[in-house]
Each structure stands twice: as structure tokens, then as C-alpha cells.
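Colleague: Quick one: this structure, given as C-alpha cells, is what I'll be asking you about.
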Amino acid sequence: MTERPYDYSDLSALFVSCTLTPSPAPSNTEALMADSIEIMRRQGVATELVRAVDLDIAPGVQPDMSDQFPGDEWPQLMAKVRAADIVVLGSPIWLGEKSSVCTRVVERLYAHSSETNDRGQYLYYGKVAGVVVTGNEDGYKHVGMNLTYSMQHLGFTVPPQSDTAWVGEIGPGPSYADDGSGGPESSFTQQTLTFMTWNLMHMAALLKRSDGIPAHGTSTTAWQDGARFDHPRGDAL
């Protein structure tokens, strides 16, 4: 094993696979995520992979939908999100879009958008987000753009080059993990995955070891209490 250039053993990463395929069947998205997980593990990062379709995640934009959907398992997954320094969403491409499972995960993440941390900032401040995409036709940049925007809008920090993907030829054909696909051998995919993984670890460490993003100018509770942080029209608000 290569000697660790950095010690990131104080970091944790949650990989959420949004494949449409239930376990134990293989997932091409998870096959690509596995390389990022391995790089992180070699740097001491505690990693966990969750396949969202295996959970009973109800639709909706409330933190707990069990009153309408008994057995809603989103709160269990959200507890893992709360504990993680890095959250990576993985999605296949269907009709040029992220999967329906991925949409549901993002909607349930959004359900917590009114919650704040102990500084009054949005809940996801200080957490870093990345994106992994697979498919056998184009749509990677569309899905990546959608997910990175969604995650930063919710409060996650999105570092430079925080996504990776592999897509095959247009039309029916082999998927990433299929024999002869060329996916695992793609130099572009290998590079973007490696850079993404290191950017996620570097940014998460910078945030964690500098005590996060300063609350001055970013605290929703302070804003509600009347602070305007030098906004030029603040006196009129």
C-alpha cells in the first residue's frame, strides 16, 4: 500500500448510491464509487456506502414522513448524513436525468433546509459534497450540474472538480462494470475520480480543522434577530 501523504483519519464519508437496482444485484454506479471509497480508505477516512433503494424512503419534503407513510426510513439515513464530513451522491442517467431515487434523496435532504447548526447556519454548512454519475449515453454534465447546484444550495461546500463519471456510447451497450466496456480503463474517468476524491478530502479537512465556515454573515438566526452584516440597505429591511 502507498504511504499516506496525509492523515485524514479524523474524516468520515457517506456514499449514497441512487441506483434503481435493489441489493444484492450489482450496481454500475457503485462499481465506480468503489474506487473513490478505496482512495479515501487508504488515507484513513471512515467510509460507508448506503444503497438508497434498499430503504423505504417516503416521498415528501418533511424530515419525517412516517405520519403519512408508516415505516419511513429516511430518518435513519439522515442520521448518517449528519455524522458525515463528506457526502457523495451517485446516480445513473435515465432519459438524461438523475434517477428517481436520487431525486427523492435530494428532496428529503431539502426537507431539513430550515434546520441550523449550533452557530445558526444552515445545517449542512461545513460538510462537503461530491457526485458520481454512470450511464451508457450522454447526460453526465447535466446530472452533475443539477446535483452540485442542489447540494451547494442546501449548504454543502462543493470544491473544485467535485464530480466524476463514465458514459458509454449512445444507445444500448455495455455499462461501466460490464466486461469490455472500457469504463474502468478510461483515463479521463480515472483522473476525474482521483481529483474529485482528493478535493473532497482536502476541502473537508480544511473546513473541519479551521472550525468550519465563519458564522459572521452566514447565520440565519442572527439575520432573523436583526443583524444585517453591512448590507447597504440593511436599515430598511
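If you're wondering about the labels, chains in the C-alpha cells are A, B, ... by order shown, residues count from 1 in each chain, ligands from 1 in order shown.
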For A:Lys208, work out the shell of residues within 9 Å, counting only C-alpha atoms and skipping chain neighbours fewer than 4 positions away, then give it as a ChimeraX atom specification.

Modeller: /A:10-11,85,126-127,203-204,212

Colleague: Take the residues just selected and output them with N, CA, C and O atoms as a PDB file, in the first residue's frame.

Modeller:
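Result file follows (result09.pdb):
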```
ATOM      1  N   ASP A  10      -9.431  11.591  10.741  1.00  0.00           N
ATOM      2  CA  ASP A  10     -10.478  12.281  11.503  1.00  0.00           C
ATOM      3  C   ASP A  10     -11.697  12.585  10.647  1.00  0.00           C
ATOM      4  O   ASP A  10     -12.651  13.206  11.124  1.00  0.00           O
ATOM      5  N   LEU A  11     -11.682  12.162   9.376  1.00  0.00           N
ATOM      6  CA  LEU A  11     -12.795  12.439   8.471  1.00  0.00           C
ATOM      7  C   LEU A  11     -13.671  11.203   8.283  1.00  0.00           C
ATOM      8  O   LEU A  11     -13.214  10.072   8.402  1.00  0.00           O
ATOM      9  N   ASP A  85     -18.637  13.995   7.293  1.00  0.00           N
ATOM     10  CA  ASP A  85     -17.964  15.210   6.835  1.00  0.00           C
ATOM     11  C   ASP A  85     -18.104  15.373   5.329  1.00  0.00           C
ATOM     12  O   ASP A  85     -18.116  16.496   4.813  1.00  0.00           O
ATOM     13  N   GLY A 126     -20.296  23.301   6.475  1.00  0.00           N
ATOM     14  CA  GLY A 126     -19.150  22.552   6.981  1.00  0.00           C
ATOM     15  C   GLY A 126     -19.031  21.163   6.409  1.00  0.00           C
ATOM     16  O   GLY A 126     -18.013  20.496   6.622  1.00  0.00           O
ATOM     17  N   LYS A 127     -20.046  20.700   5.681  1.00  0.00           N
ATOM     18  CA  LYS A 127     -19.989  19.399   5.017  1.00  0.00           C
ATOM     19  C   LYS A 127     -19.654  19.601   3.539  1.00  0.00           C
ATOM     20  O   LYS A 127     -20.036  20.605   2.937  1.00  0.00           O
ATOM     21  N   MET A 203     -10.822  19.552   1.080  1.00  0.00           N
ATOM     22  CA  MET A 203     -11.763  20.591   1.499  1.00  0.00           C
ATOM     23  C   MET A 203     -12.408  20.252   2.839  1.00  0.00           C
ATOM     24  O   MET A 203     -12.578  21.124   3.706  1.00  0.00           O
ATOM     25  N   ALA A 204     -12.769  18.989   3.028  1.00  0.00           N
ATOM     26  CA  ALA A 204     -13.379  18.585   4.301  1.00  0.00           C
ATOM     27  C   ALA A 204     -12.409  18.810   5.456  1.00  0.00           C
ATOM     28  O   ALA A 204     -12.794  19.255   6.541  1.00  0.00           O
ATOM     29  N   GLY A 212     -14.771  25.199  10.574  1.00  0.00           N
ATOM     30  CA  GLY A 212     -15.888  25.447   9.673  1.00  0.00           C
ATOM     31  C   GLY A 212     -15.897  26.823   9.045  1.00  0.00           C
ATOM     32  O   GLY A 212     -14.935  27.587   9.120  1.00  0.00           O
TER      33      GLY A 212
END
```

Colleague: Residues within 6 Å of stretch 5-8 of chain A, please, as a count of residues only. Count only C-alpha atoms; anything in the same chain fewer than 5 positions from it doesn't count.

Modeller: 3

Colleague: Which residue out of A:Leu20, A:Leu123, A:Met33, A:Val88 has the minimum interatomic distance to A:Thr189 when only C-alpha atoms are used?

Modeller: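 So, comparing all the options, the nearest one is A:Met33.
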
Colleague: Which residue, A:Gly130, A:Gly135, A:Pro174, A:Pro24, has the smallest gap to A:Pro160 when you use only C-alpha atoms?

Modeller: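 Closest residue, counting only C-alpha atoms: A:Gly130.
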
Colleague: If you run DSSP over the backbone, which residues in stretch 2-179 of chain A end up helix (DSSP H, G or I)? Put them as number ranges by chain.

Modeller: A: 28-42, 52-54, 74-83, 100-110, 140-154

Colleague: Got a sec: who's within 12 Å of A:Ser186, counting only C-alpha atoms, leaving out chain neighbours fewer than 4 positions off, as an MDAnalysis selection string?

Modeller: chainID A and resid 32 164:168 176:177 180:182 190:193

Colleague: Name the residues in contact with A:Gly120 at a cut-off of 6 Å, using only C-alpha atoms, excluding same-chain residues fewer than 4 positions from it; report them as a PDB file with C-alpha atoms, in the first residue's frame.

Modeller:
```pdb
ATOM      1  CA  THR A 116     -29.493  25.142  11.645  1.00  0.00           C
ATOM      2  CA  SER A 219     -26.058  32.949  10.380  1.00  0.00           C
ATOM      3  CA  THR A 220     -29.767  32.707   9.674  1.00  0.00           C
ATOM      4  CA  THR A 221     -30.640  33.102  13.341  1.00  0.00           C
TER       5      THR A 221
END
```

Colleague: Find the residues around A:Pro22 up to 10 Å (only C-alpha atoms counted), leave out those fewer than 4 positions away in its own chain, and share them as a compact mmCIF listing (two decimals) with all heavy atoms, in the first residue's frame.

Modeller:
```txt
# COMPACT_ATOMS: atom_id res chain seq x y z
N CYS A 18 -27.64 5.85 -5.63
CA CYS A 18 -29.05 6.03 -6.03
C CYS A 18 -29.37 5.19 -7.25
O CYS A 18 -30.19 5.60 -8.10
CB CYS A 18 -29.33 7.51 -6.27
SG CYS A 18 -29.14 8.53 -4.79
N PRO A 26 -25.67 -6.39 -8.64
CA PRO A 26 -24.58 -5.42 -8.79
C PRO A 26 -25.07 -4.09 -9.34
O PRO A 26 -26.10 -4.01 -10.01
CB PRO A 26 -23.62 -6.11 -9.77
CG PRO A 26 -24.47 -7.10 -10.51
CD PRO A 26 -25.51 -7.55 -9.55
N SER A 27 -24.32 -3.03 -9.05
CA SER A 27 -24.64 -1.68 -9.50
C SER A 27 -23.42 -1.09 -10.19
O SER A 27 -22.32 -1.08 -9.64
CB SER A 27 -25.03 -0.80 -8.31
OG SER A 27 -24.92 0.58 -8.63
N ARG A 51 -27.11 1.98 -0.14
CA ARG A 51 -27.91 1.92 -1.36
C ARG A 51 -29.32 2.37 -1.01
O ARG A 51 -30.09 1.66 -0.34
CB ARG A 51 -27.91 0.49 -1.93
CG ARG A 51 -28.53 0.41 -3.31
CD ARG A 51 -28.49 -0.99 -3.91
NE ARG A 51 -27.15 -1.45 -4.24
CZ ARG A 51 -26.90 -2.42 -5.12
NH1 ARG A 51 -27.91 -3.03 -5.77
NH2 ARG A 51 -25.66 -2.81 -5.36
N ALA A 52 -29.68 3.56 -1.47
CA ALA A 52 -30.92 4.19 -1.03
C ALA A 52 -32.16 3.39 -1.39
O ALA A 52 -33.15 3.38 -0.64
CB ALA A 52 -31.03 5.61 -1.61
N VAL A 53 -32.13 2.68 -2.52
CA VAL A 53 -33.32 1.96 -2.96
C VAL A 53 -33.64 0.79 -2.03
O VAL A 53 -34.78 0.29 -2.01
CB VAL A 53 -33.14 1.46 -4.42
CG1 VAL A 53 -32.18 0.27 -4.48
CG2 VAL A 53 -34.49 1.12 -5.06
N ASP A 54 -32.67 0.36 -1.21
CA ASP A 54 -32.92 -0.70 -0.24
C ASP A 54 -33.70 -0.20 0.97
O ASP A 54 -34.18 -1.02 1.77
CB ASP A 54 -31.60 -1.30 0.24
CG ASP A 54 -30.88 -2.09 -0.84
OD1 ASP A 54 -31.53 -2.48 -1.83
OD2 ASP A 54 -29.67 -2.32 -0.68
N LEU A 55 -33.81 1.11 1.11
CA LEU A 55 -34.53 1.70 2.23
C LEU A 55 -35.92 2.14 1.80
O LEU A 55 -36.15 2.47 0.63
CB LEU A 55 -33.76 2.90 2.79
CG LEU A 55 -32.33 2.64 3.26
CD1 LEU A 55 -31.67 3.95 3.68
CD2 LEU A 55 -32.31 1.63 4.40
```

Colleague: Which neighbours of stretch 89-106 of chain A fall inside 9 Å, counting only C-alpha atoms, when residues of the same chain fewer than 6 positions from it are skipped, and could you give them as a ChimeraX atom specification?

Modeller: /A:14-20,28-30,32-33,52-53,57-60,74,129-140,142-144,146-147,150-151,167
